[in-house]
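Reproduced below: query.cif, with mmCIF, C-alpha atoms.
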```cif
data_work
loop_
_atom_site.label_atom_id
_atom_site.label_comp_id
_atom_site.auth_asym_id
_atom_site.auth_seq_id
_atom_site.Cartn_x
_atom_site.Cartn_y
_atom_site.Cartn_z
CA MET H 1 -2.45 99.84 15.03
CA VAL H 2 1.01 98.57 14.14
CA GLU H 3 2.41 95.96 16.49
CA ILE H 4 6.06 96.56 17.34
CA VAL H 5 8.07 93.36 17.72
CA HIS H 6 11.32 93.45 19.67
CA PRO H 7 14.26 92.16 17.57
CA GLY H 8 15.05 89.66 20.33
CA GLN H 9 11.64 88.03 19.87
CA ILE H 10 12.36 87.38 16.21
CA LEU H 11 15.86 86.11 16.98
CA LEU H 12 14.55 83.69 19.61
CA SER H 13 11.54 82.47 17.64
CA LYS H 14 13.39 79.18 17.14
CA LEU H 15 16.41 78.34 19.28
CA ASP H 16 19.32 77.20 17.13
CA GLY H 17 21.37 74.40 18.69
CA PHE H 18 20.49 74.83 22.35
CA ARG H 19 17.59 74.69 24.80
CA LEU H 20 16.73 76.56 27.98
CA GLU H 21 15.65 74.81 31.20
CA PHE H 22 14.19 76.67 34.17
CA ALA H 23 12.03 75.87 37.16
CA ASP H 24 10.69 78.55 39.51
CA SER H 25 11.36 76.25 42.46
CA ASN H 26 15.18 76.29 42.26
CA ALA H 27 16.13 79.78 40.92
CA ARG H 28 18.49 78.10 38.45
CA ALA H 29 18.47 78.40 34.67
CA ASP H 30 20.32 75.92 32.46
CA ILE H 31 21.42 76.72 28.91
CA VAL H 32 22.06 73.35 27.26
CA LEU H 33 24.02 73.10 24.00
CA GLN H 34 22.41 70.36 21.89
CA ARG H 35 23.58 69.96 18.34
CA PRO H 36 24.93 66.39 18.35
CA PRO H 37 27.42 64.95 18.15
CA LEU H 38 29.83 67.87 18.69
CA ASN H 39 27.47 70.75 19.59
CA ILE H 40 28.90 72.99 16.89
CA VAL H 41 27.90 76.62 17.54
CA SER H 42 26.44 78.58 14.62
CA LEU H 43 26.62 82.35 14.14
CA GLU H 44 22.89 82.72 14.84
CA GLU H 45 23.28 80.63 17.98
CA ARG H 46 25.92 83.02 19.33
CA GLU H 47 23.53 85.93 18.87
CA GLN H 48 20.67 83.98 20.43
CA LEU H 49 22.82 83.05 23.42
CA ARG H 50 23.57 86.74 23.96
CA VAL H 51 19.88 87.61 24.03
CA VAL H 52 19.10 84.71 26.38
CA PHE H 53 21.84 85.72 28.83
CA GLU H 54 20.57 89.30 28.77
CA ALA H 55 16.99 88.13 29.42
CA LEU H 56 18.05 85.84 32.29
CA ASP H 57 20.04 88.70 33.81
CA GLU H 58 16.85 90.76 33.95
CA ASP H 59 14.66 87.92 35.29
CA PRO H 60 14.35 88.24 39.11
CA ARG H 61 13.43 84.56 39.42
CA VAL H 62 16.87 83.48 38.18
CA ARG H 63 19.85 83.66 40.53
CA VAL H 64 22.37 81.24 39.00
CA ILE H 65 22.95 80.24 35.36
CA VAL H 66 24.56 76.98 34.20
CA LEU H 67 25.97 76.56 30.69
CA ARG H 68 26.30 72.87 29.87
CA SER H 69 25.85 70.42 27.01
CA ALA H 70 23.97 67.32 25.98
CA GLY H 71 26.20 64.38 25.04
CA GLU H 72 29.86 63.62 25.59
CA HIS H 73 31.32 66.89 24.23
CA PHE H 74 30.70 70.45 25.38
CA SER H 75 31.44 71.88 21.92
CA GLY H 76 33.74 71.10 19.03
CA GLY H 77 33.80 74.81 18.09
CA GLY H 78 32.07 77.07 15.61
CA ASP H 79 30.28 76.47 12.33
CA LEU H 80 33.03 76.99 9.75
CA SER H 81 30.66 77.15 6.80
CA GLY H 82 28.77 80.00 8.44
CA LEU H 83 31.99 81.88 9.11
CA ALA H 84 33.01 81.55 5.48
CA GLU H 85 29.84 83.37 4.34
CA ALA H 86 29.68 85.97 7.12
CA SER H 87 30.31 89.67 6.52
CA ALA H 88 33.21 91.44 8.22
CA GLU H 89 30.70 93.45 10.26
CA ARG H 90 29.03 90.32 11.58
CA ILE H 91 32.40 88.78 12.43
CA SER H 92 33.31 91.92 14.38
CA ARG H 93 30.23 91.42 16.61
CA LEU H 94 31.10 87.86 17.62
CA ALA H 95 33.23 88.82 20.61
CA TRP H 96 30.40 90.98 22.03
CA SER H 97 27.91 88.13 21.76
CA VAL H 98 30.25 85.54 23.27
CA SER H 99 31.07 87.92 26.14
CA ALA H 100 27.44 87.82 27.32
CA PRO H 101 28.15 85.46 30.29
CA ALA H 102 30.77 87.91 31.59
CA ARG H 103 28.45 90.92 31.25
CA CYS H 104 25.63 89.07 33.01
CA GLY H 105 25.47 90.24 36.63
CA LYS H 106 24.59 86.78 37.96
CA PRO H 107 26.98 83.88 38.59
CA VAL H 108 27.48 81.69 35.50
CA ILE H 109 28.91 78.15 35.70
CA ALA H 110 30.29 76.26 32.68
CA ALA H 111 30.21 72.46 33.04
CA ASN H 112 32.83 71.21 30.55
CA ARG H 113 33.30 67.62 29.45
CA GLY H 114 34.86 66.25 26.29
CA TYR H 115 35.88 68.68 23.55
CA CYS H 116 35.75 72.33 24.52
CA PHE H 117 37.22 73.90 21.40
CA GLY H 118 37.10 77.27 19.70
CA VAL H 119 34.00 79.26 20.54
CA GLY H 120 33.00 76.58 23.07
CA PHE H 121 36.17 77.38 25.01
CA GLU H 122 35.64 81.12 24.54
CA LEU H 123 32.08 80.90 25.92
CA SER H 124 33.40 78.95 28.89
CA LEU H 125 36.16 81.50 29.51
CA ALA H 126 33.48 84.22 29.67
CA CYS H 127 31.75 82.33 32.50
CA ASP H 128 32.67 82.85 36.16
CA PHE H 129 33.38 79.21 36.99
CA ARG H 130 34.54 76.25 34.89
CA LEU H 131 34.23 72.63 35.99
CA ALA H 132 36.48 70.20 34.11
CA THR H 133 36.85 66.41 34.12
CA GLU H 134 39.37 63.84 32.93
CA THR H 135 37.67 63.85 29.51
CA THR H 136 37.86 67.64 29.05
CA LEU H 137 40.11 69.07 26.35
CA TYR H 138 40.40 72.85 25.93
CA ALA H 139 41.77 74.37 22.72
CA LEU H 140 41.81 77.51 20.58
CA SER H 141 42.86 75.99 17.26
CA GLU H 142 41.76 78.71 14.84
CA ARG H 143 45.38 79.37 13.84
CA ARG H 144 45.31 76.10 11.88
CA LEU H 145 42.71 77.78 9.65
CA GLY H 146 44.73 80.96 9.26
CA GLU H 147 42.47 82.79 11.71
CA LEU H 148 42.71 84.16 15.24
CA PRO H 149 40.34 83.15 18.06
CA GLY H 150 37.49 85.41 17.03
CA SER H 151 35.49 85.92 20.20
CA GLY H 152 37.86 87.29 22.81
CA GLY H 153 39.12 83.97 24.14
CA ALA H 154 42.84 84.71 23.79
CA ALA H 155 42.48 88.02 25.66
CA ARG H 156 40.59 86.36 28.52
CA LEU H 157 43.05 83.50 28.64
CA LYS H 158 46.01 85.89 28.88
CA LYS H 159 44.41 87.53 31.93
CA MET H 160 44.09 84.10 33.56
CA VAL H 161 47.36 82.35 32.74
CA GLY H 162 49.72 85.00 31.34
CA THR H 163 51.36 85.63 28.00
CA CYS H 164 53.68 82.61 27.92
CA ARG H 165 50.98 79.98 28.43
CA THR H 166 48.50 81.77 26.18
CA LYS H 167 51.04 81.80 23.34
CA ASP H 168 51.59 78.10 23.94
CA ILE H 169 47.86 77.42 23.57
CA VAL H 170 47.09 79.81 20.70
CA MET H 171 50.26 79.87 18.58
CA ARG H 172 50.92 76.11 18.85
CA SER H 173 47.24 75.10 18.80
CA ARG H 174 47.81 73.14 22.00
CA GLN H 175 45.06 71.04 23.55
CA ILE H 176 44.96 71.39 27.33
CA PRO H 177 43.47 68.43 29.26
CA GLY H 178 41.29 68.94 32.32
CA PRO H 179 43.96 68.25 35.00
CA GLN H 180 46.41 70.67 33.37
CA ALA H 181 43.68 73.30 32.96
CA TYR H 182 42.97 73.03 36.69
CA ASP H 183 46.69 73.30 37.56
CA TRP H 184 47.01 76.39 35.35
CA GLY H 185 43.97 78.10 36.87
CA ILE H 186 41.75 77.82 33.79
CA ALA H 187 39.32 75.41 35.47
CA THR H 188 37.86 76.26 38.85
CA GLU H 189 37.40 72.62 39.83
CA PHE H 190 38.53 69.25 38.49
CA VAL H 191 36.10 66.39 39.17
CA PRO H 192 35.56 62.81 37.91
CA ASP H 193 33.48 62.81 34.74
CA SER H 194 30.74 60.83 36.46
CA ASP H 195 30.50 63.55 39.13
CA LEU H 196 30.21 66.56 36.82
CA GLU H 197 26.44 66.96 37.26
CA SER H 198 26.53 66.52 41.05
CA ALA H 199 29.51 68.89 41.36
CA THR H 200 27.60 71.47 39.30
CA ASP H 201 24.53 71.04 41.52
CA GLU H 202 26.70 71.51 44.62
CA MET H 203 28.25 74.71 43.29
CA VAL H 204 24.78 76.05 42.40
CA SER H 205 23.61 75.34 45.96
CA GLU H 206 26.64 77.14 47.41
CA LEU H 207 25.98 80.21 45.28
CA LEU H 208 22.26 80.25 46.07
CA ALA H 209 23.07 80.32 49.78
CA LEU H 210 24.81 83.68 49.40
CA SER H 211 23.37 87.18 49.06
CA PRO H 212 22.41 87.86 45.41
CA SER H 213 23.20 91.57 45.73
CA ALA H 214 26.64 90.80 47.16
CA GLN H 215 27.23 88.26 44.37
CA ARG H 216 26.38 90.82 41.72
CA ALA H 217 28.62 93.43 43.38
CA ALA H 218 31.51 90.97 43.71
CA LYS H 219 31.30 90.00 40.05
CA ARG H 220 31.11 93.60 38.95
CA LEU H 221 34.10 94.51 41.11
CA LEU H 222 36.31 91.60 40.05
CA ASN H 223 35.53 92.14 36.36
CA ALA H 224 36.22 95.87 36.66
CA ILE H 225 39.56 95.63 38.47
CA ASP H 226 40.92 93.47 35.64
CA ASP H 227 41.16 96.67 33.63
CA THR H 228 42.19 99.24 36.20
CA SER H 229 45.04 100.21 38.52
CA LEU H 230 45.36 98.94 42.09
CA SER H 231 44.38 102.32 43.56
CA MET H 232 41.29 102.60 41.36
CA GLY H 233 40.36 98.99 42.16
CA ILE H 234 40.55 99.69 45.89
CA ALA H 235 38.44 102.84 45.46
CA LEU H 236 35.82 100.91 43.52
CA TYR H 237 35.86 98.19 46.16
CA GLY H 238 35.16 100.74 48.87
CA HIS H 239 32.35 102.33 46.86
CA LEU H 240 30.57 99.05 46.14
CA ASN H 241 31.05 97.74 49.67
CA GLY H 242 29.60 100.97 51.08
CA ARG H 243 26.52 100.70 48.86
CA LEU H 244 25.92 97.15 50.07
CA HIS H 245 26.25 98.02 53.76
CA VAL H 246 22.89 98.67 55.42
CA PRO H 247 23.52 98.60 59.21
CA GLY H 248 20.23 96.95 60.22
CA GLU H 249 20.43 94.29 57.54
CA TYR H 250 24.12 93.68 58.31
CA ARG H 251 23.31 93.09 61.99
CA GLU H 252 20.55 90.65 61.08
CA ARG H 253 22.89 88.71 58.81
CA MET H 254 25.56 88.55 61.50
CA GLU H 255 23.06 87.29 64.06
CA ALA H 256 21.74 84.68 61.62
CA SER H 257 25.28 83.57 60.84
CA GLY H 258 26.06 83.27 64.54
CA GLU H 259 23.01 81.08 65.07
CA LYS H 260 24.14 78.74 62.30
#
```

Let me see whether you can do it: turn the structure in this file into structure tokens.
Amino acid sequence: MVEIVHPGQILLSKLDGFRLEFADSNARADIVLQRPPLNIVSLEEREQLRVVFEALDEDPRVRVIVLRSAGEHFSGGGDLSGLAEASAERISRLAWSVSAPARCGKPVIAANRGYCFGVGFELSLACDFRLATETTLYALSERRLGELPGSGGAARLKKMVGTCRTKDIVMRSRQIPGPQAYDWGIATEFVPDSDLESATDEMVSELLALSPSAQRAAKRLLNAIDDTSLSMGIALYGHLNGRLHVPGEYRERMEASGEK
């Protein structure tokens, strides 16, 4: 009998540049970038991260995902030597892999300190929440190499901050510090560097206190209305809200909320 091995099993046989932390007791999974000193992200790592996000999305034990790093920098960007040898077809798949946090139905938090450049920034932009500190620097500097940001970062950034500011970041290779990123709406929260871990823990606790089905529906709705008209967005909102509404369960939640 021939044993069939899923491609994901082969891809994840040895994690490249990151580790996964999970404990059943807290419903939280941490993906930790760990290729010191700059946590450079290889092509294989991008594909592995996609598979891990997809697996965590399917795991009922996991309710919140945190993307963070070991050391003083989130990521200095991608592995340039790997890009130089990659085929055009493989390059064309990068944006799909790096978009995995956005496709994941569960809340994803990026804890950003130090350099958050290139694909590190693009991965963070695909997350739902970004926490920045006074050490954080965001940048999409691929233009200096005669390339464009290759994993969808410029498109996501334009949705967040508009054309003018995105051109400023991409076309001038501007580095955006944490306070400015928060003012522009790139970062969800700005906290002291020493408080990044505790602020991440607090956000995880807030998200775990909410209904997982409502969280998934809210993320799906907000992602979808980015690409649709106001009338279609309102229709989708009504559809998803109606699917969530079970009268008996709604009454129980209201009573529990009143007691609190």

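Using only C-alpha atoms for every distance, the candidate list H:Ala187, H:Leu207, H:Cys164, H:Ala23 yields H:Leu207 as the residue closest to Arg63 in chain H.
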
Evaluating the PyMOL selection byres ((chain H and resi 35-50) around 6) on the displayed file yields which residues, as a compact mmCIF listing (two decimals) with C-alpha atoms, in the frame of the given file?
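result03.txt written:
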```txt
# COMPACT_ATOMS: atom_id res chain seq x y z
CA ASP H 16 19.32 77.20 17.13
CA GLY H 17 21.37 74.40 18.69
CA GLN H 34 22.41 70.36 21.89
CA VAL H 51 19.88 87.61 24.03
CA VAL H 52 19.10 84.71 26.38
CA PHE H 53 21.84 85.72 28.83
CA HIS H 73 31.32 66.89 24.23
CA SER H 75 31.44 71.88 21.92
CA GLY H 76 33.74 71.10 19.03
CA GLY H 77 33.80 74.81 18.09
CA GLY H 78 32.07 77.07 15.61
CA ASP H 79 30.28 76.47 12.33
CA SER H 97 27.91 88.13 21.76
CA ALA H 100 27.44 87.82 27.32
```

Excluding Val119 in chain H and any residue of its chain fewer than 2 positions from it, enumerate the residues within 7 Å of it, using all atoms listed in the file, and give them as a PDB file with C-alpha atoms, keeping the file's coordinate frame.
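Result file result-v1.pdb:
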```pdb
ATOM      1  CA  GLY H  77      33.800  74.810  18.090  1.00  0.00           C
ATOM      2  CA  GLY H  78      32.070  77.070  15.610  1.00  0.00           C
ATOM      3  CA  PHE H 117      37.220  73.900  21.400  1.00  0.00           C
ATOM      4  CA  PHE H 121      36.170  77.380  25.010  1.00  0.00           C
ATOM      5  CA  GLU H 122      35.640  81.120  24.540  1.00  0.00           C
ATOM      6  CA  LEU H 123      32.080  80.900  25.920  1.00  0.00           C
ATOM      7  CA  SER H 151      35.490  85.920  20.200  1.00  0.00           C
TER       8      SER H 151
END
```

With only C-alpha atoms counted and 12 Å as the cut-off, give the residues of range 108-160 of chain H in contact with range 208-230 of chain H, each with its shortest interatomic distance in Å and the pair that gives it, as a Markdown table.
```
| residue | atom | partner | partner_atom | distance |
| --- | --- | --- | --- | --- |
| H:Val108 | CA | H:Lys219 | CA | 10.2 |
| H:Ala126 | CA | H:Asn223 | CA | 10.6 |
| H:Cys127 | CA | H:Lys219 | CA | 10.8 |
| H:Asp128 | CA | H:Lys219 | CA | 8.3 |
| H:Phe129 | CA | H:Lys219 | CA | 11.4 |
| H:Ala155 | CA | H:Asp226 | CA | 11.5 |
| H:Arg156 | CA | H:Asp226 | CA | 10.1 |
| H:Lys158 | CA | H:Asp226 | CA | 11.4 |
| H:Lys159 | CA | H:Asp226 | CA | 7.8 |
| H:Met160 | CA | H:Asp226 | CA | 10.1 |
```

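Comparing the minimum interatomic distances between Arg130 in chain H and each of H:Gly105, H:Gly118, H:Gly152, H:Gly178, counting only C-alpha atoms, we find that H:Gly178 sits nearest.
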
Requested in this report: Could you tell me how far CA of Val204 in chain H lies from CA of Ala110 in chain H, in Å and to one decimal?
Outcome: 11.2 Å
